[in-house]
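Heads up: the structure comes next, in structure tokens.
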Amino acid sequence: MKTDNLIVDRQNKINSIDLSSLLVKTEKVVLVGNPNVGKSCFFNHLSGMYVDVSNFPGTTVSITKSHYKGREIYDTPGVYGVGSFNEEEKVARDIILSADRILNVVNSLHLERDLFLTMQLIEMGKKISVLLNFSDEVKKRKIKIDVQKLSGLLGVEVIETAAINNLGFDKLDYAIENARTGHQQLDISFMIEEAVEKTNSRAEALLVLEGDEEIARINNIPAGTANEREKLYISRRNKVNEIVDQVEYEDSKKGEFFNKLGRLSLNPLTGIPILLFMLVLVYFFIGDFVSQTLTNYTENTLGKGVFEYYVKSFVADLTPVEINVEVPDAAQNITTQKDFSFPEGMNKLPTLKKEFEIVSRQPEAITTFHFQNPIVKLFFGEFGVVTMTTTYLIFLLLPLVTAFYLVMAFLEDSGYLPRLATMLDRTFNKLGLNGKAVIPIMLGFGCVTMANITTRILGTNREKTIVTAILQFVIPCSAQLAVITILLTGAGLAPLLIYVSVIFSVLVALSTILNKMLPGESSPLLIDLPVMQFPRAKNILKKTYYRTIGFMKEAGFWFFVGALAVGIMQITGLLTVWQDILAPLTTAWLKLPREAANAFVMGIVRRDFGAAGLFDMKLTINQITVAIITITLFVPCIASFVIMLKERGWKEGLSIWFGTWIVAFLVGGIVAQILI
Amino acid sequence: MTQNITLDKAKKGSALIVISLPSGETKAQLIRLGITEGDVVKCIERLPGGTVIVQKNRQEIAIGVELAKKIKISLK
Ligand SMILES: Nc1nc2c(ncn2[C@@H]2O[C@H](COP(=O)(O)OP(=O)(O)OP(=O)(O)O)[C@@H](O)[C@H]2O)c(=O)[nH]1
Ligand SMILES: [Mg+2]
């Protein structure tokens, strides 16, 4: 799959620089449609790239550009109409205005809703082709749509597709080539006639009349009033309803299992048990299976037993080393204990090396290498940059992070999130938010950085601020959850419960305070609920794969740099200095070992890395509780920090960032003083 | 003909006629989604607290209580 993509990508790049495109301006093909209709599926197919595909409105919140057969192709945020009601709409509007050809993706199940945008694009005089997506669902529900007639009424090409099954993908070239302006409504033509003369285009004229202030300003003419917009909207709505009446027939209505499940998950009475049931499943899957059985195997057997053993043996062949081997029996009693000394490396003493290999390759043997050379120690020692980093990252964190990504992908593709948003709407109202805030917050459990961008789907600035703060302060991302899971493994339920209740209280306090402080009012909930579906394996695996690769790239780099930095600080003695400085805070206030200070050096870069430093400390259960609370509340990772500054401005971003320092140590300390 | 009430008071399972929508941007957004004055919609769920879920054709839309209070309806 991956090489395929690369080939397609390269092909596209070659096409895009072919001679003709240097002479003629490259055409822009833009995917436009309502939210959650499959635009990103088409984009991924055409571009060979990967952007997220999920089953909730608002997955794509910014524009992605790529190339396809000598043209530029753009994925856009979903909109219900071209306008300027919020930031994404403005982003979408601008790219639509500049588009040469538009592929208008339509959900065939919701023609009445979706054709509103289609009609508007036609009235704007844009060259479009309509992709009637979700044709698989249409068949399943025995709905009939007269495609020919629809095409005739609109005056543009209409093509049936099912992006999920690659159906109709072969006709996309045809759709792009034959995009054209459809039939213009006479009454609307009449209404905008005057404005067309004063503006650059029919498209802009229509938007001005519909009250778009920005476009009006550019053209130096007054924008239409809300009343004028309403008139245009109602006339368009009537026209659409008329068309749908003519082309759609429904044979049977059947309630599906998932439809019912969707209904049940809305009402707290049934919805809360469903939510709890899912949490229990996740707990058993991750807390039990992945974090114990699976990572025990990957960390100890593969990581330490195979990977580290062979790497270190190889290094030991060449450099001075002392090796200790212990072989415990089933009851953990040491039956054999042997020390080997190779002052010039193992290769110089072949017989002793043989003996070492025989002893250390017994299945239960635990081998510890003590290298003499400090540089070798830095890279291959107990906390070696090469050895420890790899074990932590690949054999310990990777399986857990992947598991969390899988769970998130499953949720995102099921259609459950908007229903959870609805069920929790009233609760969120009390925190100055509406239910929609659930979506970025839940995505935060996958990756806080991405979730920061998704706050764009919220209605007002104050909601965006509150949710951004919640994300940075209290929501642990997958990588961090992985670390917390590892620390909690075997600690029992009590620390988990304390952890959850403390973090939850901070969340409530934080948003209540912000709600009081921030001026203005939050917007009420208005969200369309997608069809519930059983998530598709292909989609889930693909998404998990791309996210995991992304995680490995970023975390791998920072882990390596971080381990190197800590290693160097250790050799030069700087680490002790830092530990001394933080000692009052770590030992007296948080009641953790002095070395916990390390977690707060590296934690600034990546919280998972910082916390990984805690694995080797002998912590009591209460200390673990304090530690995970403090690192959860501590600063977000560098990537998240940068995105937050971009999205929310430096003033708000920095306040949140410094706020996390204070709250993390304050709350962590209070818990420590009570517990320990 | 029953008297007009607001959407947050609608009963689960009832068919409703939309009498009036709050004007301005919200109205535009509702028209885009397919809900206009005079339409018949079904209330498929009303949560404690007043959040309602209405259905028009196959489209389900969740509406928060603050918005529901501003939508006038009558029972069909
Ligand atoms: N059954 C079915 N599902 C589809 C089809 N096309 C897309 N989907 C699903 O619809 C959902 C939305 O797909 P996306 O590609 O994320 O939609 P989008 O238009 O990019 O959505 P936004 O970015 O939120 O505007 C995903 O769960 C897809 O798997 C289709 O033809 N049939
Ligand atoms: Mg998308």
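In the structure tokens, the first chain shown is A, the next is B, and so on; residue numbers restart at 1 for each chain, and ligands run from 1 in the order shown.
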Quiz prompt | Arg46 in chain B surroundings by only C-alpha atoms, 10 Å radius, close-in-sequence under 2 positions cut, as JSON, numbers by chain | solution = {"A": [266, 267], "B": [7, 8, 9, 10, 11, 12, 13, 43, 44, 48, 49, 50, 51, 52, 53, 54, 62, 63, 65]}
For the residues in that selection, give me N, CA and C atoms as a CSV table (one decimal), in the first residue's frame.
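Contents of the output file result.csv:
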```
chain,number,residue,atom,x,y,z
A,266,LEU,N,-28.1,8.2,22.8
A,266,LEU,CA,-28.4,9.6,22.9
A,266,LEU,C,-28.9,10.0,24.3
A,267,ASN,N,-29.7,9.1,24.8
A,267,ASN,CA,-30.4,9.4,26.1
A,267,ASN,C,-29.5,8.9,27.3
B,7,LEU,N,-39.8,24.4,20.8
B,7,LEU,CA,-39.2,23.0,20.5
B,7,LEU,C,-38.7,22.3,21.7
B,8,ASP,N,-38.2,23.0,22.7
B,8,ASP,CA,-37.7,22.3,23.8
B,8,ASP,C,-38.8,21.6,24.6
B,9,LYS,N,-40.0,21.9,24.3
B,9,LYS,CA,-41.1,21.3,25.1
B,9,LYS,C,-41.7,20.1,24.3
B,10,ALA,N,-41.2,19.9,23.1
B,10,ALA,CA,-41.8,18.8,22.2
B,10,ALA,C,-41.7,17.5,22.9
B,11,LYS,N,-42.7,16.6,22.6
B,11,LYS,CA,-42.7,15.3,23.1
B,11,LYS,C,-42.0,14.3,22.2
B,12,LYS,N,-41.3,13.4,22.8
B,12,LYS,CA,-40.6,12.4,22.0
B,12,LYS,C,-41.6,11.6,21.1
B,13,GLY,N,-41.3,11.5,19.8
B,13,GLY,CA,-42.1,10.7,19.0
B,13,GLY,C,-43.2,11.5,18.2
B,43,CYS,N,-39.8,14.7,16.2
B,43,CYS,CA,-39.0,14.8,17.4
B,43,CYS,C,-38.7,13.3,17.8
B,44,ILE,N,-37.4,12.9,17.6
B,44,ILE,CA,-37.2,11.5,17.9
B,44,ILE,C,-36.6,11.3,19.2
B,48,PRO,N,-33.4,14.8,29.0
B,48,PRO,CA,-33.7,15.6,30.2
B,48,PRO,C,-32.9,16.9,30.1
B,49,GLY,N,-33.5,18.0,30.4
B,49,GLY,CA,-32.7,19.3,30.2
B,49,GLY,C,-33.1,20.0,29.0
B,50,GLY,N,-33.7,19.3,28.0
B,50,GLY,CA,-34.3,20.0,26.9
B,50,GLY,C,-33.5,19.9,25.6
B,51,THR,N,-32.4,19.2,25.5
B,51,THR,CA,-31.8,19.0,24.2
B,51,THR,C,-32.7,18.1,23.4
B,52,VAL,N,-33.0,18.5,22.2
B,52,VAL,CA,-33.9,17.6,21.3
B,52,VAL,C,-33.2,17.2,20.1
B,53,ILE,N,-33.6,16.0,19.6
B,53,ILE,CA,-33.1,15.5,18.3
B,53,ILE,C,-34.3,15.4,17.4
B,54,VAL,N,-34.2,16.2,16.3
B,54,VAL,CA,-35.3,16.1,15.3
B,54,VAL,C,-34.8,15.4,14.1
B,62,ALA,N,-29.3,17.3,16.2
B,62,ALA,CA,-29.4,17.6,17.6
B,62,ALA,C,-29.4,19.1,17.8
B,63,ILE,N,-30.3,19.6,18.6
B,63,ILE,CA,-30.4,21.0,18.9
B,63,ILE,C,-30.4,21.3,20.4
B,65,VAL,N,-30.7,23.2,24.0
B,65,VAL,CA,-31.9,23.7,24.6
B,65,VAL,C,-32.1,25.2,24.3
```
Quiz item: Which protein, DNA or RNA residues have an atom within 9 Å of ligand 1, counting only C-alpha atoms and all ligand atoms, as a PyMOL selection string?
Solution: chain A and resi 31-44+51-62+75-79+105-108+132-138+161-167+412-415+530-531+533+535-536+539
Quiz item: So what do you get for CA of Val467 in chain A versus CA of Lys69 in chain B, distance-wise?
Solution: 25.4 Å
Exercise. Using only C-alpha atoms, determine which residues of chain A fall within 6 Å of chain B; present them as number ranges by chain.
Key: A: 80, 113, 267, 524-529
Quiz item: Which distance in Å separates CA of Gln246 in chain A and CA of Ser20 in chain B, to one decimal?
Solution: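 CA of Gln246 in chain A sits 27.0 Å away from CA of Ser20 in chain B.
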Quiz prompt | Computed interatomic separation between CA of Ile540 in chain A and CA of Pro476 in chain A (Å) | solution = 21.4 Å
Just list the residues in range 570-607 of chain A DSSP gives alpha helix (DSSP H) on the backbone, as a short mmCIF file (atom, residue, chain, number, x, y, z; two decimals) with N, CA, C and O atoms, in the first residue's frame.
```cif
data_model
loop_
_atom_site.label_atom_id
_atom_site.label_comp_id
_atom_site.auth_asym_id
_atom_site.auth_seq_id
_atom_site.Cartn_x
_atom_site.Cartn_y
_atom_site.Cartn_z
N GLN A 570 24.42 13.80 32.65
CA GLN A 570 24.82 12.86 33.68
C GLN A 570 26.34 12.79 33.76
O GLN A 570 26.93 12.89 34.84
N ILE A 571 26.99 12.67 32.60
CA ILE A 571 28.45 12.54 32.56
C ILE A 571 29.11 13.81 33.07
O ILE A 571 30.08 13.77 33.82
N THR A 572 28.55 14.96 32.70
CA THR A 572 29.18 16.22 33.08
C THR A 572 28.80 16.67 34.48
O THR A 572 29.32 17.65 34.99
N LEU A 574 25.95 17.89 35.32
CA LEU A 574 24.90 18.92 35.29
C LEU A 574 23.57 18.40 35.85
O LEU A 574 22.78 19.15 36.42
N LEU A 575 23.36 17.10 35.67
CA LEU A 575 22.10 16.52 36.10
C LEU A 575 21.94 16.65 37.61
O LEU A 575 20.86 16.98 38.12
N THR A 576 23.05 16.44 38.35
CA THR A 576 23.00 16.57 39.80
C THR A 576 22.68 18.00 40.19
O THR A 576 21.93 18.25 41.13
N VAL A 577 23.27 18.95 39.46
CA VAL A 577 23.00 20.36 39.74
C VAL A 577 21.51 20.65 39.58
O VAL A 577 20.88 21.25 40.45
N TRP A 578 20.94 20.19 38.46
CA TRP A 578 19.52 20.41 38.20
C TRP A 578 18.65 19.75 39.27
O TRP A 578 17.68 20.32 39.76
N GLN A 579 19.06 18.53 39.65
CA GLN A 579 18.30 17.83 40.69
C GLN A 579 18.37 18.58 42.01
O GLN A 579 17.38 18.66 42.74
N ASP A 580 19.55 19.19 42.30
CA ASP A 580 19.69 19.97 43.52
C ASP A 580 18.77 21.19 43.51
O ASP A 580 18.15 21.53 44.50
N ILE A 581 18.75 21.83 42.34
CA ILE A 581 17.90 23.03 42.24
C ILE A 581 16.44 22.67 42.50
O ILE A 581 15.73 23.35 43.24
N LEU A 582 15.99 21.60 41.86
CA LEU A 582 14.58 21.24 41.98
C LEU A 582 14.25 20.45 43.25
O LEU A 582 13.09 20.19 43.55
N ALA A 583 15.29 20.09 43.98
CA ALA A 583 15.09 19.20 45.13
C ALA A 583 13.98 19.64 46.09
O ALA A 583 13.14 18.81 46.48
N ALA A 597 13.27 14.81 39.18
CA ALA A 597 13.54 16.09 38.52
C ALA A 597 13.84 15.90 37.04
O ALA A 597 13.50 16.73 36.21
N ASN A 598 14.48 14.76 36.70
CA ASN A 598 14.77 14.48 35.29
C ASN A 598 13.50 14.53 34.44
O ASN A 598 13.51 14.99 33.31
N ALA A 599 12.44 13.99 35.02
CA ALA A 599 11.18 13.93 34.27
C ALA A 599 10.72 15.32 33.86
O ALA A 599 10.07 15.49 32.84
N PHE A 600 11.08 16.33 34.68
CA PHE A 600 10.63 17.67 34.36
C PHE A 600 11.58 18.44 33.45
O PHE A 600 11.24 19.51 32.99
N VAL A 601 12.77 17.90 33.20
CA VAL A 601 13.60 18.52 32.16
C VAL A 601 13.03 18.07 30.83
O VAL A 601 12.69 18.86 29.97
N MET A 602 12.96 16.76 30.65
CA MET A 602 12.58 16.24 29.36
C MET A 602 11.09 16.38 29.11
O MET A 602 10.67 16.42 27.97
N ARG A 607 5.99 14.89 27.00
CA ARG A 607 5.61 14.40 28.32
C ARG A 607 5.86 12.90 28.47
O ARG A 607 6.21 12.43 29.53
#
```
Practice problem: Just list the residues in range 468-668 of chain A DSSP gives strand (DSSP E or B) on the backbone, as a ChimeraX atom specification. | Solution: /A:526-529
